[in-house]
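Peer 1: Just one file: entry-v1.csv, with CSV, C-alpha atoms.
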chain,number,residue,atom,x,y,z
A,10,MET,CA,134.4,91.4,75.9
A,11,ARG,CA,137.1,93.1,77.9
A,12,ARG,CA,139.0,90.6,80.0
A,13,ILE,CA,138.7,91.8,83.6
A,14,THR,CA,142.0,92.8,85.2
A,15,ARG,CA,143.3,95.6,87.4
A,16,LYS,CA,145.9,97.8,85.7
A,17,ASN,CA,149.2,99.1,87.0
A,18,ILE,CA,149.2,96.9,90.1
A,19,VAL,CA,152.0,97.8,92.5
A,20,MET,CA,153.2,94.5,93.9
A,21,GLN,CA,153.7,94.4,97.7
A,22,GLU,CA,155.3,91.7,99.8
A,23,VAL,CA,151.9,90.9,101.3
A,24,PHE,CA,148.8,88.9,100.5
A,25,GLU,CA,145.4,90.3,100.8
A,26,MET,CA,142.2,88.7,102.0
A,27,LEU,CA,139.6,87.2,99.7
A,28,PHE,CA,136.1,86.9,101.2
A,29,ILE,CA,133.7,84.6,99.5
A,30,LEU,CA,130.0,85.1,100.4
A,31,PHE,CA,127.7,82.1,99.8
A,32,GLY,CA,124.0,82.3,99.5
A,33,ALA,CA,123.4,86.0,98.8
A,34,THR,CA,121.1,86.5,95.8
A,35,LEU,CA,119.3,89.4,94.2
A,36,GLU,CA,118.7,92.2,96.8
A,37,MET,CA,120.7,90.5,99.5
A,38,GLY,CA,123.7,90.1,97.2
A,39,TYR,CA,123.5,93.7,96.1
A,40,GLN,CA,123.3,95.0,99.7
A,41,CYS,CA,126.3,92.8,100.8
A,42,ARG,CA,128.4,94.1,97.9
A,43,GLU,CA,127.5,97.6,98.8
A,44,ILE,CA,128.5,97.0,102.5
A,45,PHE,CA,131.9,95.5,101.4
A,46,LYS,CA,132.6,98.4,99.0
A,47,GLU,CA,131.9,100.8,101.8
A,48,LEU,CA,134.4,98.9,103.9
A,49,GLY,CA,137.1,99.3,101.2
A,50,PHE,CA,136.8,96.0,99.4
A,51,GLY,CA,137.1,95.4,95.7
A,52,ILE,CA,134.3,93.4,94.2
A,53,ILE,CA,135.2,90.5,91.8
A,54,GLN,CA,132.7,91.0,89.0
A,55,LYS,CA,131.5,88.2,86.8
A,56,TYR,CA,130.3,88.4,83.2
A,57,ASN,CA,126.7,87.4,82.6
A,58,TYR,CA,125.0,86.3,79.4
A,59,VAL,CA,121.2,86.0,79.5
A,60,SER,CA,120.0,83.2,77.2
A,61,ASP,CA,116.6,83.3,75.5
A,62,SER,CA,115.4,80.6,77.9
A,63,ALA,CA,116.3,82.5,81.1
A,64,LYS,CA,113.7,82.5,83.8
A,65,VAL,CA,114.1,86.3,84.1
A,66,SER,CA,113.2,87.4,80.6
A,67,LYS,CA,115.9,88.8,78.3
A,68,LYS,CA,113.6,91.7,77.4
A,69,LEU,CA,113.6,92.7,81.1
A,70,TYR,CA,117.4,92.6,81.2
A,71,MET,CA,117.5,94.8,78.1
A,72,ASP,CA,114.9,97.2,79.5
A,73,SER,CA,116.1,97.4,83.1
A,74,ASN,CA,114.9,101.0,83.6
A,75,ARG,CA,111.3,99.9,83.8
A,76,ASP,CA,111.8,98.7,87.3
A,77,GLU,CA,113.9,100.5,89.9
A,78,PHE,CA,114.8,97.5,92.0
A,79,PHE,CA,115.7,95.4,89.0
A,80,ALA,CA,117.7,98.3,87.4
A,81,ARG,CA,119.9,98.6,90.5
A,82,TRP,CA,120.5,94.8,90.5
A,83,TYR,CA,121.1,94.8,86.7
A,84,ASN,CA,123.6,97.7,86.8
A,85,ASP,CA,125.6,96.0,89.5
A,86,LYS,CA,126.7,93.4,86.9
A,87,MET,CA,128.8,93.1,83.8
A,88,TYR,CA,127.4,91.6,80.6
A,89,ALA,CA,128.8,89.7,77.6
A,90,ASP,CA,127.2,90.2,74.2
A,91,THR,CA,127.6,86.6,73.1
A,92,LEU,CA,127.8,83.2,74.8
A,93,GLU,CA,131.2,82.7,73.1
A,94,GLU,CA,132.6,85.5,75.2
A,95,ILE,CA,131.6,83.6,78.4
A,96,GLU,CA,133.2,80.5,77.0
A,97,GLN,CA,136.5,82.3,76.9
A,98,CYS,CA,136.5,82.8,80.6
A,99,ASP,CA,138.6,80.5,82.8
A,100,PHE,CA,135.7,79.6,85.1
A,101,ARG,CA,132.1,79.3,84.0
A,102,TYR,CA,128.7,78.1,85.3
A,103,VAL,CA,125.0,78.3,84.4
A,104,MET,CA,122.3,79.3,86.7
A,105,ASN,CA,118.7,79.6,85.6
A,106,SER,CA,119.8,79.8,82.0
A,107,ILE,CA,122.1,82.7,82.8
A,108,HIS,CA,125.7,82.0,81.8
A,109,VAL,CA,128.3,83.4,84.2
A,110,GLY,CA,132.0,83.5,83.8
A,111,PHE,CA,135.1,85.0,85.5
A,112,ASN,CA,138.8,84.6,85.2
A,113,LYS,CA,141.7,83.1,87.2
A,114,GLU,CA,143.6,86.4,87.0
A,115,GLN,CA,140.9,88.2,89.0
A,116,ILE,CA,141.3,85.7,91.8
A,117,LEU,CA,145.2,85.9,91.8
A,118,GLU,CA,145.1,89.7,91.9
A,119,ALA,CA,142.6,89.6,94.7
A,120,VAL,CA,144.8,87.3,96.9
A,121,HIS,CA,148.2,88.8,95.8
A,122,GLY,CA,147.9,92.3,97.2
A,123,ALA,CA,145.8,94.4,94.8
A,124,SER,CA,143.1,94.9,97.5
A,125,ASP,CA,140.9,92.9,99.8
A,126,SER,CA,138.2,91.5,97.7
A,127,LEU,CA,134.7,90.0,97.8
A,128,LEU,CA,133.3,87.3,95.5
A,129,THR,CA,129.6,86.3,95.8
A,130,ILE,CA,128.8,82.8,94.7
A,131,GLY,CA,126.1,80.1,94.7
A,132,THR,CA,126.2,76.3,94.8
A,133,ALA,CA,127.5,76.0,91.2
A,134,THR,CA,130.9,77.3,92.2
A,135,LEU,CA,131.4,75.6,95.6
A,136,ASP,CA,133.9,73.0,94.2
A,137,PHE,CA,136.0,75.9,92.8
A,138,VAL,CA,135.9,77.6,96.2
A,139,MET,CA,137.3,74.5,97.8
A,140,GLN,CA,140.2,74.7,95.4
A,141,LEU,CA,140.8,78.3,96.4
A,142,LYS,CA,140.8,77.4,100.1
A,143,LYS,CA,143.2,74.5,99.4
A,144,ALA,CA,145.5,76.8,97.4
A,145,TYR,CA,145.4,79.9,99.7
A,146,GLY,CA,144.3,78.5,103.0
A,147,ALA,CA,143.4,81.2,105.6
A,148,TYR,CA,143.7,84.0,103.1
A,149,VAL,CA,140.3,82.8,101.8
A,150,THR,CA,137.3,83.3,104.2
A,151,LEU,CA,134.1,81.5,103.2
A,152,ILE,CA,131.0,83.0,104.8
A,153,ASN,CA,127.5,81.6,104.6
A,154,ILE,CA,124.7,84.2,104.8
A,155,PHE,CA,121.5,82.8,106.4
A,156,SER,CA,118.1,84.4,105.6
A,157,ASP,CA,114.9,82.8,106.6
A,158,ALA,CA,112.3,81.7,104.0
A,159,ASN,CA,110.0,84.7,104.6
A,160,THR,CA,112.9,87.2,104.1
A,161,VAL,CA,114.1,85.6,100.9
A,162,HIS,CA,110.6,85.4,99.5
A,163,HIS,CA,110.0,89.1,100.4
A,164,ASP,CA,113.3,90.2,98.6
A,165,ASN,CA,112.5,88.1,95.6
A,166,ARG,CA,109.1,89.8,95.2
A,167,LEU,CA,110.5,93.3,95.5
A,168,SER,CA,110.9,93.5,91.7
A,169,SER,CA,107.8,93.6,89.6
A,170,GLY,CA,109.9,92.1,86.8
A,171,ILE,CA,110.3,88.8,88.6
A,172,SER,CA,107.4,86.5,88.0
A,173,ARG,CA,105.8,84.3,90.7
A,174,THR,CA,107.4,81.3,89.1
A,175,GLU,CA,110.8,82.9,89.2
A,176,SER,CA,110.3,83.9,92.8
A,177,GLU,CA,109.3,80.4,93.8
A,178,MET,CA,112.3,79.0,92.0
A,179,ARG,CA,114.6,81.4,93.9
A,180,ASP,CA,112.9,80.5,97.2
A,181,ALA,CA,113.7,76.9,96.5
A,182,ALA,CA,117.2,77.8,95.5
A,183,ASN,CA,117.8,79.5,98.8
A,184,GLN,CA,116.6,76.4,100.7
A,185,ASN,CA,118.9,74.3,98.6
A,186,MET,CA,121.9,76.6,99.4
A,187,GLN,CA,121.2,76.2,103.1
A,188,ARG,CA,121.1,72.4,102.7
A,189,VAL,CA,124.4,72.6,100.9
A,190,PHE,CA,125.8,74.8,103.7
A,191,LEU,CA,124.7,72.3,106.3
A,192,ASN,CA,126.2,69.3,104.4
A,193,ASN,CA,129.5,71.2,104.0
A,194,ILE,CA,129.6,73.2,107.2
A,195,VAL,CA,133.1,72.1,108.1
A,196,ASP,CA,134.4,74.0,105.0
A,197,PHE,CA,132.8,77.3,106.0
A,198,ASP,CA,134.7,79.8,108.2
A,199,GLU,CA,131.8,82.1,109.3
A,200,THR,CA,128.0,82.5,109.2
A,201,VAL,CA,126.1,85.8,109.3
A,202,ILE,CA,122.4,86.3,109.7
A,203,PHE,CA,119.9,88.6,108.0
A,204,THR,CA,116.2,88.3,108.6
A,205,GLY,CA,114.8,91.6,107.2
A,206,ASN,CA,114.8,95.2,108.2
A,207,ASP,CA,111.9,94.6,110.6
A,208,SER,CA,114.2,92.4,112.7
A,209,VAL,CA,117.1,93.0,114.9
A,210,PHE,CA,119.1,91.1,112.3
A,211,ASP,CA,118.7,94.0,109.8
A,212,LEU,CA,121.3,95.6,107.4
A,213,ALA,CA,123.0,97.5,110.2
A,214,ALA,CA,123.4,94.3,112.1
A,215,LEU,CA,124.6,92.5,109.0
A,216,LYS,CA,127.3,95.2,108.5
A,217,GLN,CA,128.5,94.9,112.1
A,218,GLN,CA,128.7,91.1,111.7
A,219,PHE,CA,130.9,91.6,108.6
A,220,ILE,CA,133.1,94.1,110.4
A,221,THR,CA,133.6,91.7,113.3
A,222,ILE,CA,134.7,88.9,110.9
A,223,ILE,CA,137.0,91.2,109.0
A,224,ASP,CA,138.7,92.4,112.1
A,225,LYS,CA,139.2,88.8,113.2
A,226,ARG,CA,140.6,87.8,109.9
A,227,ARG,CA,143.0,90.8,109.8
A,228,LEU,CA,144.8,89.3,112.7
A,229,ILE,CA,145.2,86.1,110.8
A,230,GLU,CA,146.3,88.0,107.7
A,231,LYS,CA,149.0,89.9,109.7
A,232,GLU,CA,150.4,86.6,111.0
A,233,LEU,CA,150.4,85.0,107.5
A,234,ASN,CA,152.1,88.0,105.9
A,235,ASN,CA,155.1,87.5,108.2
A,236,ARG,CA,155.8,84.3,106.1
A,237,ASN,CA,157.6,84.2,102.8
A,238,TYR,CA,155.8,85.9,99.9
A,239,VAL,CA,155.9,84.7,96.3
A,240,GLU,CA,154.9,87.3,93.7
A,241,LEU,CA,152.4,86.7,90.8
A,242,PRO,CA,153.6,84.6,87.8
A,243,TYR,CA,155.4,86.6,85.1
A,244,LYS,CA,153.1,88.0,82.5
A,245,GLY,CA,155.3,89.8,80.1
A,246,ASP,CA,156.7,88.9,76.6
A,247,ARG,CA,160.4,88.4,77.5
A,248,ASP,CA,162.0,85.0,78.2
A,249,TYR,CA,160.8,83.2,81.3
A,250,LEU,CA,161.2,80.0,83.2
A,251,PHE,CA,158.2,77.5,83.4
A,252,ILE,CA,157.9,75.8,86.7
A,253,SER,CA,156.5,72.2,86.8
A,254,TYR,CA,155.8,70.7,90.2
A,255,SER,CA,153.3,68.9,92.3
A,256,HIS,CA,151.1,71.1,94.5
A,257,LEU,CA,151.9,68.7,97.4
A,258,ASP,CA,155.5,70.0,97.2
A,259,LYS,CA,154.4,73.6,97.4
A,260,GLU,CA,156.3,74.4,100.6
A,261,GLN,CA,159.7,73.3,99.2
A,262,VAL,CA,159.1,74.6,95.7
A,263,TYR,CA,157.9,78.1,96.9
A,264,THR,CA,161.1,78.5,98.8
A,265,ASP,CA,163.0,78.3,95.5
A,266,LEU,CA,160.5,80.5,93.7
A,267,LEU,CA,161.0,83.1,96.4
A,268,TYR,CA,164.7,82.9,95.9
A,269,LEU,CA,164.5,83.1,92.1
A,270,GLN,CA,162.2,86.1,92.2
A,271,ARG,CA,164.4,87.9,94.7
A,272,HIS,CA,167.3,87.3,92.3
A,273,SER,CA,165.3,88.9,89.5
A,274,TYR,CA,164.4,85.8,87.5
A,275,ARG,CA,161.2,85.8,85.4
A,276,ILE,CA,159.2,82.7,86.3
A,277,TRP,CA,155.7,81.4,85.5
A,278,TYR,CA,154.1,78.8,87.7
A,279,ASP,CA,150.6,77.4,88.3
A,280,ASP,CA,149.4,79.4,91.2
A,281,GLY,CA,147.3,76.7,92.8
A,282,ILE,CA,144.0,76.9,90.9
A,283,VAL,CA,143.5,74.1,88.4
A,284,GLY,CA,139.8,74.3,87.7
A,285,GLY,CA,138.2,75.6,84.5
A,286,ASP,CA,138.2,74.1,81.0
A,287,ASN,CA,140.5,76.8,79.7
A,288,TRP,CA,143.2,76.1,82.2
A,289,ARG,CA,144.7,73.3,80.1
A,290,LYS,CA,145.1,75.8,77.2
A,291,ILE,CA,146.7,78.4,79.5
A,292,ILE,CA,149.2,75.8,80.7
A,293,SER,CA,150.1,74.6,77.2
A,294,ASP,CA,150.5,78.1,75.9
A,295,LYS,CA,152.9,79.0,78.8
A,296,ILE,CA,155.0,75.9,78.1
A,297,ALA,CA,155.1,76.7,74.4
A,298,GLY,CA,156.3,80.2,75.2
A,299,CYS,CA,158.9,79.4,77.9
A,300,SER,CA,162.6,79.5,77.3
A,301,GLN,CA,163.4,76.9,79.9
A,302,PHE,CA,161.4,74.2,81.7
A,303,LEU,CA,162.3,73.6,85.4
A,304,LEU,CA,160.9,70.3,86.8
A,305,PHE,CA,160.8,69.6,90.5
A,306,VAL,CA,161.0,65.8,90.8
A,307,SER,CA,159.5,64.1,93.8
A,308,LYS,CA,157.4,61.0,94.7
A,309,ASP,CA,154.3,63.1,94.2
A,310,SER,CA,155.3,64.8,90.9
A,311,CYS,CA,156.4,61.5,89.5
A,312,VAL,CA,152.8,60.2,89.7
A,313,SER,CA,151.0,63.5,89.0
A,314,TYR,CA,148.9,63.3,85.8
A,315,ASP,CA,149.3,67.1,85.3
A,316,VAL,CA,153.0,67.1,85.7
A,317,GLN,CA,153.4,64.2,83.3
A,318,ALA,CA,151.3,66.1,80.7
A,319,GLU,CA,153.5,69.1,81.1
A,320,ILE,CA,156.7,67.0,80.7
A,321,ASN,CA,155.2,65.4,77.5
A,322,LEU,CA,154.5,68.8,76.0
A,323,ALA,CA,157.9,70.2,77.0
A,324,LEU,CA,159.6,67.3,75.3
A,325,ASP,CA,157.5,67.5,72.2
A,326,LEU,CA,158.4,71.2,71.9
A,327,HIS,CA,162.1,70.4,72.5
A,328,LYS,CA,162.3,72.8,75.5
A,329,LYS,CA,165.5,73.1,77.5
A,330,VAL,CA,164.8,71.1,80.7
A,331,LEU,CA,166.4,71.4,84.1
A,332,LEU,CA,165.6,68.9,86.9
A,333,VAL,CA,165.6,69.5,90.6
A,334,ALA,CA,165.5,66.3,92.7
A,335,LEU,CA,163.4,67.1,95.8
A,336,ASP,CA,163.9,63.5,97.1
A,337,GLY,CA,165.3,60.3,95.8
A,338,SER,CA,162.4,59.6,93.5
A,339,ILE,CA,163.0,58.4,90.0
A,340,LEU,CA,161.0,59.5,87.0
A,341,PRO,CA,159.1,56.8,85.1
A,342,ASP,CA,161.2,55.0,82.4
A,343,GLU,CA,159.3,56.7,79.5
A,344,TYR,CA,160.6,60.1,80.7
A,345,ARG,CA,164.1,59.0,82.0
A,346,MET,CA,165.0,57.8,78.5
A,347,TYR,CA,164.6,61.3,77.2
A,348,LEU,CA,165.9,63.2,80.3
A,349,MET,CA,169.0,61.1,81.2
A,350,ASN,CA,171.4,63.7,79.8
A,351,VAL,CA,169.7,66.9,81.1
A,352,ASN,CA,171.1,68.9,83.9
A,353,GLN,CA,170.0,67.7,87.3
A,354,ILE,CA,170.5,69.2,90.8
A,355,ARG,CA,169.8,67.7,94.1
A,356,TYR,CA,167.7,69.9,96.3
A,357,GLY,CA,169.6,71.2,99.3
A,358,ALA,CA,173.0,70.0,98.1
A,359,GLU,CA,176.1,71.9,98.8
A,360,ASN,CA,176.2,75.2,96.9
A,361,TYR,CA,172.6,74.3,95.7
A,362,TYR,CA,171.6,77.8,94.7
A,363,GLN,CA,174.9,78.6,93.0
A,364,LYS,CA,174.4,75.4,90.9
A,365,LEU,CA,170.8,76.3,90.2
A,366,GLN,CA,171.7,79.8,88.9
A,367,GLU,CA,174.6,78.4,86.8
A,368,ALA,CA,172.1,76.0,85.1
A,369,LEU,CA,169.5,78.7,84.4
A,370,LEU,CA,169.6,80.7,81.2
A,371,SER,CA,170.9,84.3,81.8
A,372,SER,CA,168.2,85.6,79.5
A,373,LEU,CA,165.6,84.7,82.2
A,374,GLN,CA,167.1,87.2,84.6
A,375,GLU,CA,166.5,90.9,84.7
A,376,THR,CA,169.6,93.1,84.6
A,377,GLY,CA,170.5,96.2,86.6
A,378,GLN,CA,168.7,95.0,89.8
A,379,THR,CA,170.3,94.3,93.1
A,380,ASP,CA,170.1,90.7,94.3
A,381,ILE,CA,168.7,90.1,97.8
A,382,ASN,CA,170.7,87.6,99.8
A,383,SER,CA,168.9,84.4,100.5
Could you write out this structure as structure tokens?
Peer 2:
Amino acid sequence: MRRITRKNIVMQEVFEMLFILFGATLEMGYQCREIFKELGFGIIQKYNYVSDSAKVSKKLYMDSNRDEFFARWYNDKMYADTLEEIEQCDFRYVMNSIHVGFNKEQILEAVHGASDSLLTIGTATLDFVMQLKKAYGAYVTLINIFSDANTVHHDNRLSSGISRTESEMRDAANQNMQRVFLNNIVDFDETVIFTGNDSVFDLAALKQQFITIIDKRRLIEKELNNRNYVELPYKGDRDYLFISYSHLDKEQVYTDLLYLQRHSYRIWYDDGIVGGDNWRKIISDKIAGCSQFLLFVSKDSCVSYDVQAEINLALDLHKKVLLVALDGSILPDEYRMYLMNVNQIRYGAENYYQKLQEALLSSLQETGQTDINS
């Protein structure tokens, strides 16, 4: 399975918007993706693996040309040949015995300036979306699409390949999604309405609702992009600096990450998303491959389970450690006994950035580039 990624991305000092559409399935999901593509959005595609027990038969998936509606919906997706390929994805869920997976990298590239993007989801990924909103705030717009029961039932029955049992199951799933929306309404940014092409809330009206929301969010995006921008984590094979920190210290830490990137340092940091079974392996691999480990010490990082796990691995692998003290907090004794003699810098101290650069390995910095004054 090819790991989804956009090639040759030109990094810009802006973020782009990620729109997440909740509750659009089958025909509605297809139509919404078509509308957003027409409006210039990239679509975050997910891999699908259809198990033998799937409610929609595997035979129908493999013979999609027998039904025009189903073929269109089928060809709008990407497929894995084996379940193991889905298990390699960073984020996974199962819906109606169809295994779905997508990768953290897709989300990062969507938010970090490759293009405005759309991700369609159901209830299985709502917790993950809450992580995205926590990590990226107003750059993520969560939209609920409301369709009445008759419209959903009609759309589900459009395909001759979907059985009555499958249609009833999808009808029930739509009702459940609307209940989930009502129970979590405070987390949603917008709601749009579609009640069928025989209604004033038809596809043309749906598109206009999306355009209105996009225009409103563009104003928010413009304001947000005036703030400091931190580029994507380093992905090459040269020496790099691993950043260990508490997400609660993000505002202070990102000021330093911005400084380091503008001074050509190659850095890798957790960009806010911590979900997914594979994420622990990604973190451990990045620590194993780093040339220096920079730990931001604070009252929050001192009690963070994730930060403690990163310190343990860095010590086990004998990585060169540098500490930045964000406040007066002291590491637990079991770490201090190993880190007493490492270089430590107090955040905001006199000549702080000069001391920070002096403590960093020169191999972490690109040469032949012009530094940008902080």
Peer 1: Can you work out which one of A:Met346, A:Ser310, A:Leu369, A:Lys244 has the shortest atom-to-atom distance to Ile291 in chain A, counting all atoms listed in the file?
Peer 2: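 Ranked by minimum distance to Ile291 in chain A, first place goes to A:Lys244.
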Peer 1: Box along x, y and z, 5 Å on every side, all listed atoms of range 188-199 of chain A inside: centre and edge lengths in Å to one decimal, as lines of an AutoDock Vina configuration file.
Peer 2:
center_x = 127.9
center_y = 75.7
center_z = 105.1
size_x = 23.6
size_y = 22.8
size_z = 18.4
Peer 1: Need the shell around Leu141 in chain A: protein/DNA/RNA residues with any atom at most 12 Å away, counting all atoms listed in the file. Skip same-chain ones fewer than 2 positions apart. Format as a PyMOL selection string?
Peer 2: chain A and resi 26-29+113+116-117+119-120+128+134-139+143-151+196+280-284
Peer 1: Point out the residue among A:Asp224, A:Arg247, A:Asn185, A:Asn159 with the least atom-to-atom distance to Thr204 in chain A, counting all atoms listed in the file.
Peer 2: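 Of A:Asp224, A:Arg247, A:Asn185, A:Asn159, the one nearest Thr204 in chain A is A:Asn159, counting all atoms listed in the file.
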Peer 1: Could you check how far CA of Phe155 in chain A sits from CA of Ile52 in chain A, in Å to one decimal?
Peer 2: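 Separating CA of Phe155 in chain A from CA of Ile52 in chain A is a distance of 20.6 Å.
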Peer 1: Please provide the set of residues having any atom within 12 Å of Gln374 in chain A, restricted to only C-alpha atoms, with same-chain residues fewer than 6 positions apart removed, written as a ChimeraX atom specification.
Peer 2: /A:243,247-250,269-276,300-301,366-367,380
Peer 1: Which of these, A:Glu94, A:Asp180, A:Asp294, A:Asp164, has the shortest distance to Phe79 in chain A once you count only C-alpha atoms?
Peer 2: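 Between A:Glu94, A:Asp180, A:Asp294, A:Asp164, the residue approaching Phe79 in chain A most closely is A:Asp164.
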Peer 1: Expressed in Å to a single decimal, how great is the separation between CA of Leu304 in chain A and CA of Gln97 in chain A?
Peer 2: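 These atoms are spaced 28.9 Å apart.
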Peer 1: Take the point (124.8, 76.8, 101.9) as written in the file and pick out every residue within 7 Å of it, counting all atoms listed in the file; give the list as an NGL selection string.
Peer 2: :A and (31-32 or 153 or 186-191)
Peer 1: Residues at most 10 Å from range 333-339 of chain A, counting all atoms listed in the file, excluding those fewer than 6 positions away in the same chain, as a PDB file with C-alpha atoms, keeping the file's coordinate frame?
Peer 2:
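Output file result_0.pdb is given in full below:
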ATOM      1  CA  TYR A 254     155.800  70.700  90.200  1.00  0.00           C
ATOM      2  CA  ASP A 258     155.500  70.000  97.200  1.00  0.00           C
ATOM      3  CA  GLN A 261     159.700  73.300  99.200  1.00  0.00           C
ATOM      4  CA  VAL A 262     159.100  74.600  95.700  1.00  0.00           C
ATOM      5  CA  LEU A 303     162.300  73.600  85.400  1.00  0.00           C
ATOM      6  CA  LEU A 304     160.900  70.300  86.800  1.00  0.00           C
ATOM      7  CA  PHE A 305     160.800  69.600  90.500  1.00  0.00           C
ATOM      8  CA  VAL A 306     161.000  65.800  90.800  1.00  0.00           C
ATOM      9  CA  SER A 307     159.500  64.100  93.800  1.00  0.00           C
ATOM     10  CA  LYS A 308     157.400  61.000  94.700  1.00  0.00           C
ATOM     11  CA  ASP A 309     154.300  63.100  94.200  1.00  0.00           C
ATOM     12  CA  SER A 310     155.300  64.800  90.900  1.00  0.00           C
ATOM     13  CA  CYS A 311     156.400  61.500  89.500  1.00  0.00           C
ATOM     14  CA  ARG A 345     164.100  59.000  82.000  1.00  0.00           C
ATOM     15  CA  ASN A 352     171.100  68.900  83.900  1.00  0.00           C
ATOM     16  CA  GLN A 353     170.000  67.700  87.300  1.00  0.00           C
ATOM     17  CA  ILE A 354     170.500  69.200  90.800  1.00  0.00           C
ATOM     18  CA  ARG A 355     169.800  67.700  94.100  1.00  0.00           C
ATOM     19  CA  TYR A 356     167.700  69.900  96.300  1.00  0.00           C
ATOM     20  CA  GLY A 357     169.600  71.200  99.300  1.00  0.00           C
ATOM     21  CA  ALA A 358     173.000  70.000  98.100  1.00  0.00           C
ATOM     22  CA  TYR A 361     172.600  74.300  95.700  1.00  0.00           C
ATOM     23  CA  LEU A 365     170.800  76.300  90.200  1.00  0.00           C
TER      24      LEU A 365
END
Peer 1: Just checking: using only C-alpha atoms, which residue out of A:Leu267, A:Leu233, A:Ile152, A:Leu326 ends up closest to Ile194 in chain A?
Peer 2: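 Of all the options, A:Ile152 lies closest to Ile194 in chain A.
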Peer 1: Which residues are close to range 35-49 of chain A, i.e. within 10 Å by only C-alpha atoms, leaving aside same-chain residues fewer than 6 positions away? Reply as a ChimeraX atom specification.
Peer 2: /A:28,78-79,81-83,85-86,124-130,154,156,160-161,163-165,167-168,179,203,205,212-213,215-217,219-220,223
Peer 1: Record the distance separating CA of Phe197 in chain A and CA of Ile107 in chain A, expressed in Å with one decimal.
Peer 2: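 CA of Ile107 in chain A lies at a distance of 26.1 Å from CA of Phe197 in chain A.
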Peer 1: Write out as a PyMOL selection string which residues come within 7 Å of Ser60 in chain A when counting only C-alpha atoms, dropping same-chain ones fewer than 2 positions away.
Peer 2: chain A and resi 58+62-63+106-107
Peer 1: Which residue, A:Ala133, A:Leu340, A:Val239, A:Met349, has the smallest gap to Tyr102 in chain A when you use all atoms listed in the file?
Peer 2: A:Ala133
Peer 1: Using all atoms listed in the file for the distances, tell me which of A:Asn206, A:Leu332, A:Lys231, A:Thr34 is nearest to Thr132 in chain A.
Peer 2: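 Selected residue with least distance to Thr132 in chain A: A:Thr34.
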